[in-house]
Structure formats: structure tokens, C-alpha cells
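One file, upload27.pdb, carrying PDB, C-alpha atoms, pLDDT in the B column:
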ATOM      1  CA  MET A 287     -10.557 -26.252   2.788  1.00 67.00           C
ATOM      2  CA  ALA A 288      -9.207 -24.362  -0.216  1.00 64.00           C
ATOM      3  CA  PRO A 289     -10.824 -21.001  -1.017  1.00 67.00           C
ATOM      4  CA  SER A 290     -13.438 -21.130  -3.731  1.00 71.00           C
ATOM      5  CA  PRO A 291     -12.905 -19.218  -6.991  1.00 67.00           C
ATOM      6  CA  LEU A 292     -16.295 -17.672  -6.249  1.00 69.00           C
ATOM      7  CA  ASP A 293     -14.704 -15.916  -3.261  1.00 74.00           C
ATOM      8  CA  ASP A 294     -11.913 -14.430  -5.395  1.00 81.00           C
ATOM      9  CA  GLU A 295     -12.914 -11.117  -6.974  1.00 82.00           C
ATOM     10  CA  ASN A 296     -10.084 -11.558  -9.494  1.00 84.00           C
ATOM     11  CA  ALA A 297     -11.171 -14.993 -10.727  1.00 88.00           C
ATOM     12  CA  PRO A 298     -12.176 -14.808 -14.428  1.00 86.00           C
ATOM     13  CA  LEU A 299     -15.557 -16.510 -14.221  1.00 87.00           C
ATOM     14  CA  TYR A 300     -18.054 -14.555 -16.304  1.00 92.00           C
ATOM     15  CA  THR A 301     -18.592 -14.654 -20.072  1.00 92.00           C
ATOM     16  CA  VAL A 302     -19.421 -11.666 -22.275  1.00 94.00           C
ATOM     17  CA  GLY A 303     -23.036 -12.798 -22.458  1.00 94.00           C
ATOM     18  CA  GLN A 304     -23.356 -13.127 -18.688  1.00 94.00           C
ATOM     19  CA  VAL A 305     -21.825  -9.704 -18.049  1.00 95.00           C
ATOM     20  CA  ALA A 306     -23.935  -8.074 -20.776  1.00 95.00           C
ATOM     21  CA  GLU A 307     -27.061  -9.526 -19.187  1.00 95.00           C
ATOM     22  CA  MET A 308     -26.016  -8.539 -15.635  1.00 93.00           C
ATOM     23  CA  LEU A 309     -25.332  -4.943 -16.636  1.00 94.00           C
ATOM     24  CA  ALA A 310     -28.038  -4.612 -19.294  1.00 94.00           C
ATOM     25  CA  VAL A 311     -25.543  -3.627 -21.995  1.00 94.00           C
ATOM     26  CA  LYS A 312     -24.828  -5.002 -25.432  1.00 95.00           C
ATOM     27  CA  GLN A 313     -21.999  -7.454 -25.974  1.00 94.00           C
ATOM     28  CA  ALA A 314     -20.586  -5.080 -28.593  1.00 94.00           C
ATOM     29  CA  PHE A 315     -20.228  -2.445 -25.855  1.00 93.00           C
ATOM     30  CA  LEU A 316     -18.165  -4.876 -23.769  1.00 93.00           C
ATOM     31  CA  ARG A 317     -15.985  -5.722 -26.766  1.00 92.00           C
ATOM     32  CA  ARG A 318     -15.428  -1.994 -27.381  1.00 91.00           C
ATOM     33  CA  VAL A 319     -14.474  -1.478 -23.724  1.00 91.00           C
ATOM     34  CA  ASP A 320     -11.954  -4.311 -24.154  1.00 90.00           C
ATOM     35  CA  GLU A 321     -10.611  -2.912 -27.466  1.00 89.00           C
ATOM     36  CA  LEU A 322      -9.973   0.451 -25.793  1.00 88.00           C
ATOM     37  CA  GLN A 323      -8.310  -1.400 -22.907  1.00 86.00           C
ATOM     38  CA  VAL A 324     -10.577   0.159 -20.313  1.00 87.00           C
ATOM     39  CA  VAL A 325     -10.662  -3.361 -18.897  1.00 88.00           C
ATOM     40  CA  SER A 326      -8.755  -6.304 -20.316  1.00 88.00           C
ATOM     41  CA  PRO A 327     -10.520  -9.543 -19.457  1.00 92.00           C
ATOM     42  CA  GLN A 328      -8.599 -12.783 -19.561  1.00 91.00           C
ATOM     43  CA  ARG A 329      -9.307 -15.315 -22.295  1.00 90.00           C
ATOM     44  CA  SER A 330     -10.444 -18.892 -21.890  1.00 87.00           C
ATOM     45  CA  ALA A 331      -8.635 -21.708 -23.677  1.00 89.00           C
ATOM     46  CA  GLY A 332     -11.178 -21.226 -26.484  1.00 90.00           C
ATOM     47  CA  GLY A 333     -10.416 -17.503 -26.727  1.00 88.00           C
ATOM     48  CA  GLN A 334     -13.600 -16.265 -25.020  1.00 90.00           C
ATOM     49  CA  ARG A 335     -13.394 -13.235 -22.769  1.00 91.00           C
ATOM     50  CA  ARG A 336     -13.748 -14.058 -19.063  1.00 93.00           C
ATOM     51  CA  TYR A 337     -14.524 -11.222 -16.676  1.00 93.00           C
ATOM     52  CA  THR A 338     -13.757 -10.978 -12.981  1.00 92.00           C
ATOM     53  CA  ARG A 339     -16.055  -9.417 -10.395  1.00 93.00           C
ATOM     54  CA  PHE A 340     -13.552  -6.548 -10.132  1.00 92.00           C
ATOM     55  CA  GLU A 341     -13.758  -5.944 -13.890  1.00 93.00           C
ATOM     56  CA  ILE A 342     -17.539  -6.053 -13.745  1.00 94.00           C
ATOM     57  CA  ARG A 343     -17.491  -3.298 -11.101  1.00 94.00           C
ATOM     58  CA  VAL A 344     -15.227  -1.228 -13.352  1.00 93.00           C
ATOM     59  CA  ILE A 345     -17.587  -1.790 -16.286  1.00 94.00           C
ATOM     60  CA  GLN A 346     -20.478  -0.632 -14.084  1.00 94.00           C
ATOM     61  CA  GLN A 347     -18.550   2.632 -13.588  1.00 93.00           C
ATOM     62  CA  VAL A 348     -17.948   2.812 -17.340  1.00 94.00           C
ATOM     63  CA  VAL A 349     -21.669   2.379 -18.039  1.00 94.00           C
ATOM     64  CA  THR A 350     -22.548   5.127 -15.540  1.00 95.00           C
ATOM     65  CA  MET A 351     -20.003   7.550 -17.013  1.00 95.00           C
ATOM     66  CA  ALA A 352     -21.002   6.694 -20.590  1.00 94.00           C
ATOM     67  CA  ASP A 353     -24.640   7.359 -19.662  1.00 94.00           C
ATOM     68  CA  GLU A 354     -23.498  10.791 -18.480  1.00 96.00           C
ATOM     69  CA  GLY A 355     -22.039  11.486 -21.929  1.00 96.00           C
ATOM     70  CA  ILE A 356     -18.355  10.830 -21.226  1.00 95.00           C
ATOM     71  CA  THR A 357     -16.484   9.217 -24.121  1.00 93.00           C
ATOM     72  CA  LEU A 358     -14.858   5.809 -23.701  1.00 90.00           C
ATOM     73  CA  GLN A 359     -11.411   7.341 -24.277  1.00 90.00           C
ATOM     74  CA  ALA A 360     -12.063   9.851 -21.478  1.00 94.00           C
ATOM     75  CA  ILE A 361     -13.424   7.081 -19.262  1.00 93.00           C
ATOM     76  CA  ARG A 362     -10.266   5.044 -19.872  1.00 91.00           C
ATOM     77  CA  ARG A 363      -8.184   8.057 -18.792  1.00 94.00           C
ATOM     78  CA  ILE A 364     -10.337   8.631 -15.696  1.00 95.00           C
ATOM     79  CA  ILE A 365     -10.045   4.989 -14.659  1.00 92.00           C
ATOM     80  CA  SER A 366      -6.299   5.033 -15.296  1.00 91.00           C
ATOM     81  CA  LEU A 367      -5.897   8.152 -13.149  1.00 95.00           C
ATOM     82  CA  GLU A 368      -8.063   6.636 -10.411  1.00 93.00           C
ATOM     83  CA  GLN A 369      -5.823   3.541 -10.428  1.00 91.00           C
ATOM     84  CA  GLN A 370      -2.702   5.704 -10.277  1.00 96.00           C
ATOM     85  CA  LEU A 371      -4.209   7.604  -7.356  1.00 97.00           C
ATOM     86  CA  ALA A 372      -5.025   4.341  -5.573  1.00 95.00           C
ATOM     87  CA  ASP A 373      -1.466   3.095  -6.180  1.00 96.00           C
ATOM     88  CA  ILE A 374      -0.006   6.339  -4.823  1.00 98.00           C
ATOM     89  CA  ALA A 375      -2.295   6.185  -1.777  1.00 97.00           C
ATOM     90  CA  SER A 376      -1.110   2.622  -1.151  1.00 97.00           C
ATOM     91  CA  GLN A 377       2.534   3.685  -1.511  1.00 98.00           C
ATOM     92  CA  LEU A 378       1.919   6.608   0.844  1.00 98.00           C
ATOM     93  CA  ALA A 379       0.406   4.277   3.421  1.00 98.00           C
ATOM     94  CA  GLU A 380       3.432   1.979   3.147  1.00 98.00           C
ATOM     95  CA  VAL A 381       5.874   4.898   3.460  1.00 98.00           C
ATOM     96  CA  THR A 382       3.904   6.206   6.454  1.00 98.00           C
ATOM     97  CA  ARG A 383       4.084   2.787   8.149  1.00 97.00           C
ATOM     98  CA  HIS A 384       7.812   2.635   7.465  1.00 98.00           C
ATOM     99  CA  ARG A 385       8.275   6.183   8.807  1.00 98.00           C
ATOM    100  CA  ASP A 386       6.390   5.246  11.978  1.00 97.00           C
ATOM    101  CA  GLU A 387       8.573   2.153  12.448  1.00 97.00           C
ATOM    102  CA  LEU A 388      11.717   4.248  11.983  1.00 97.00           C
ATOM    103  CA  SER A 389      10.378   6.872  14.379  1.00 97.00           C
ATOM    104  CA  SER A 390       9.793   4.181  16.999  1.00 97.00           C
ATOM    105  CA  GLN A 391      13.296   2.802  16.465  1.00 97.00           C
ATOM    106  CA  LEU A 392      14.755   6.290  16.715  1.00 97.00           C
ATOM    107  CA  ALA A 393      12.919   6.868  20.006  1.00 97.00           C
ATOM    108  CA  GLY A 394      14.425   3.623  21.365  1.00 97.00           C
ATOM    109  CA  ILE A 395      17.896   4.593  20.195  1.00 97.00           C
ATOM    110  CA  THR A 396      17.484   8.058  21.723  1.00 97.00           C
ATOM    111  CA  ARG A 397      16.464   6.531  25.078  1.00 97.00           C
ATOM    112  CA  HIS A 398      19.475   4.210  24.926  1.00 97.00           C
ATOM    113  CA  ARG A 399      21.774   7.126  24.077  1.00 97.00           C
ATOM    114  CA  ASP A 400      20.391   9.101  27.015  1.00 96.00           C
ATOM    115  CA  GLU A 401      20.953   6.140  29.357  1.00 97.00           C
ATOM    116  CA  LEU A 402      24.533   5.782  28.094  1.00 97.00           C
ATOM    117  CA  SER A 403      25.108   9.529  28.465  1.00 96.00           C
ATOM    118  CA  SER A 404      23.872   9.342  32.060  1.00 96.00           C
ATOM    119  CA  GLN A 405      26.135   6.367  32.775  1.00 96.00           C
ATOM    120  CA  LEU A 406      29.072   8.161  31.149  1.00 96.00           C
ATOM    121  CA  ALA A 407      28.420  11.254  33.269  1.00 96.00           C
ATOM    122  CA  GLY A 408      28.462   9.069  36.414  1.00 96.00           C
ATOM    123  CA  ILE A 409      31.681   7.376  35.322  1.00 96.00           C
ATOM    124  CA  THR A 410      33.247  10.769  34.554  1.00 96.00           C
ATOM    125  CA  ARG A 411      32.271  12.091  37.999  1.00 95.00           C
ATOM    126  CA  HIS A 412      33.724   8.981  39.614  1.00 95.00           C
ATOM    127  CA  ARG A 413      36.950   9.323  37.592  1.00 95.00           C
ATOM    128  CA  ASP A 414      37.247  12.990  38.535  1.00 94.00           C
ATOM    129  CA  GLU A 415      36.710  12.136  42.214  1.00 93.00           C
ATOM    130  CA  LEU A 416      39.398   9.462  42.065  1.00 93.00           C
ATOM    131  CA  ALA A 417      41.788  11.859  40.289  1.00 91.00           C
ATOM    132  CA  ARG A 418      41.127  14.525  42.926  1.00 91.00           C
ATOM    133  CA  ARG A 419      41.822  12.058  45.730  1.00 90.00           C
ATOM    134  CA  LEU A 420      45.028  10.919  44.079  1.00 89.00           C
ATOM    135  CA  THR A 421      46.305  14.465  43.692  1.00 89.00           C
ATOM    136  CA  GLU A 422      45.431  15.580  47.251  1.00 85.00           C
ATOM    137  CA  PRO A 423      48.272  15.555  49.661  1.00 82.00           C
ATOM    138  CA  ARG A 424      48.074  12.544  51.926  1.00 76.00           C
ATOM    139  CA  GLN A 425      47.502  13.141  55.530  1.00 72.00           C
ATOM    140  CA  ASP A 426      49.151  10.523  57.634  1.00 65.00           C
ATOM    141  CA  ALA A 427      47.055   9.367  60.468  1.00 56.00           C
ATOM    142  CA  ARG A 428      49.741   9.354  63.182  1.00 53.00           C
TER     143      ARG A 428
END
Can you turn what I pasted into C-alpha cells?
Amino acid sequence: MAPSPLDDENAPLYTVGQVAEMLAVKQAFLRRVDELQVVSPQRSAGGQRRYTRFEIRVIQQVVTMADEGITLQAIRRIISLEQQLADIASQLAEVTRHRDELSSQLAGITRHRDELSSQLAGITRHRDELARRLTEPRQDAR
């Protein structure tokens, strides 16, 4: 069964009127938020704004900050910085995973090197023993 668009938080399902009613704000406020590119809802074939659940959550943050007296321009900057921080945190997590993988590989290579060094030491001892035997004077068993 294919996933429903209702399950996708990035599906553009909600009109300006629906979002305004959900959040108890005026449609003009939502248009202003769009004009300032705080959120940029997709457009339907008829040109109507369509909001995703993710965008609605962002608008809820905008409403809260605006109620606290923060300007929309400042809110846009705050949201932009929060997104940059989230992106950096995601990149850091990816780099950390990659570092851990490399660390694990390095540990395996180090173990292999140590095994080879041990084998080489044994071979060297054996070679030296053979060389010593070859250079010793032979004692005839008469």
C-alpha cells in the first residue's frame, strides 16, 4: 500500500484559509510571512498557496515570536539560523559516523599489520637460524 499524502509532513495540503483558521491568524499575516520568505508554500495549479504540516509548525513558531514582539525580518533570520544550525548538526553527525567507520577500519588494519609483523619476526628468526646453521662448521658423525 502506497503511503498516504496525509502521512507526509512535506505534502502541500492546506490552503491559506485552513492554516489561518488552525492558527487563529489572519490570511494577510500568512501572505506577509510568504512575502518575506519566512516560509515559501508551494502553489496549486490555480496559484493558491498550499502549506505543508512542516510549514505550519514553522508558522506556529513565527506567531509565538511575533507575539513576543520580534519583527518578521528578525524571525526570518532566526529561522534561517536555526535551519543552518540543524544542517550543520546533521553534517557533524555524518562526519562523526564516517570518522567512526574509518576508526574501525584503521583498527582492523592495525591488527592485520601487527599479525604480519609477528609473522615476519618469526620468518626472520627462522632465516637467521638457518643462516647460523649453514655457517657453522660441520661436524662429521664418524
Practice task
Apply the PyMOL selection byres ((chain A and resi 295) around 9) to the file shown and report the selected residues as a list in words.
Solution key: Pro291, Leu292, Asp293, Asp294, Asn296, Ala297, Pro298, Thr338, Arg339, Phe340 and Glu341 of chain A
Problem - Who sits within 12 Å of Ala314 in chain A, all atoms listed in the file, same chain under 4 positions skipped, as a count of residues only - result: 9
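Counting all atoms listed in the file, the residue from A:Val324, A:Val381, A:Leu388, A:Ala417 that sits nearest to Val344 in chain A is A:Val324.
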Handout entry: Expansion of the PyMOL selection byres ((chain A and resi 301) around 8) into residues, as a list in words
Key = Leu299, Tyr300, Val302, Gly303, Gln304, Val305, Gln334, Arg335, Arg336 and Tyr337 of chain A
Where's the centre, and what are the edge lengths in Å to one decimal, of a box along x, y and z enclosing all listed atoms of range 333-348 of chain A padded 6 Å per side, as JSON?
{"center_x": -15.4, "center_y": -7.3, "center_z": -18.4, "size_x": 22.1, "size_y": 32.3, "size_z": 28.6}
Problem - Length of the CA of Ile356 in chain A to CA of Pro327 in chain A vector [Å] - result: 21.9 Å
Problem - For range 369-380 of chain A: contacts at 12 Å, only C-alpha atoms, fewer than 6 positions along chain excluded, given as number ranges by chain - result: A: 324-325, 344, 362-363, 386-387
Handout entry: Between CA of Ser389 in chain A and CA of Leu406 in chain A, distance in Å (one decimal)
Key =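 Computing it gives 25.1 Å between the two atoms.
One finds CA of Arg317 in chain A at 12.0 Å from CA of Leu358 in chain A.
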Handout entry: From A:Leu367, A:Ala407, A:Ile395, A:Val311, residue lying nearest Thr350 in chain A [all atoms listed in the file]
Key = A:Val311
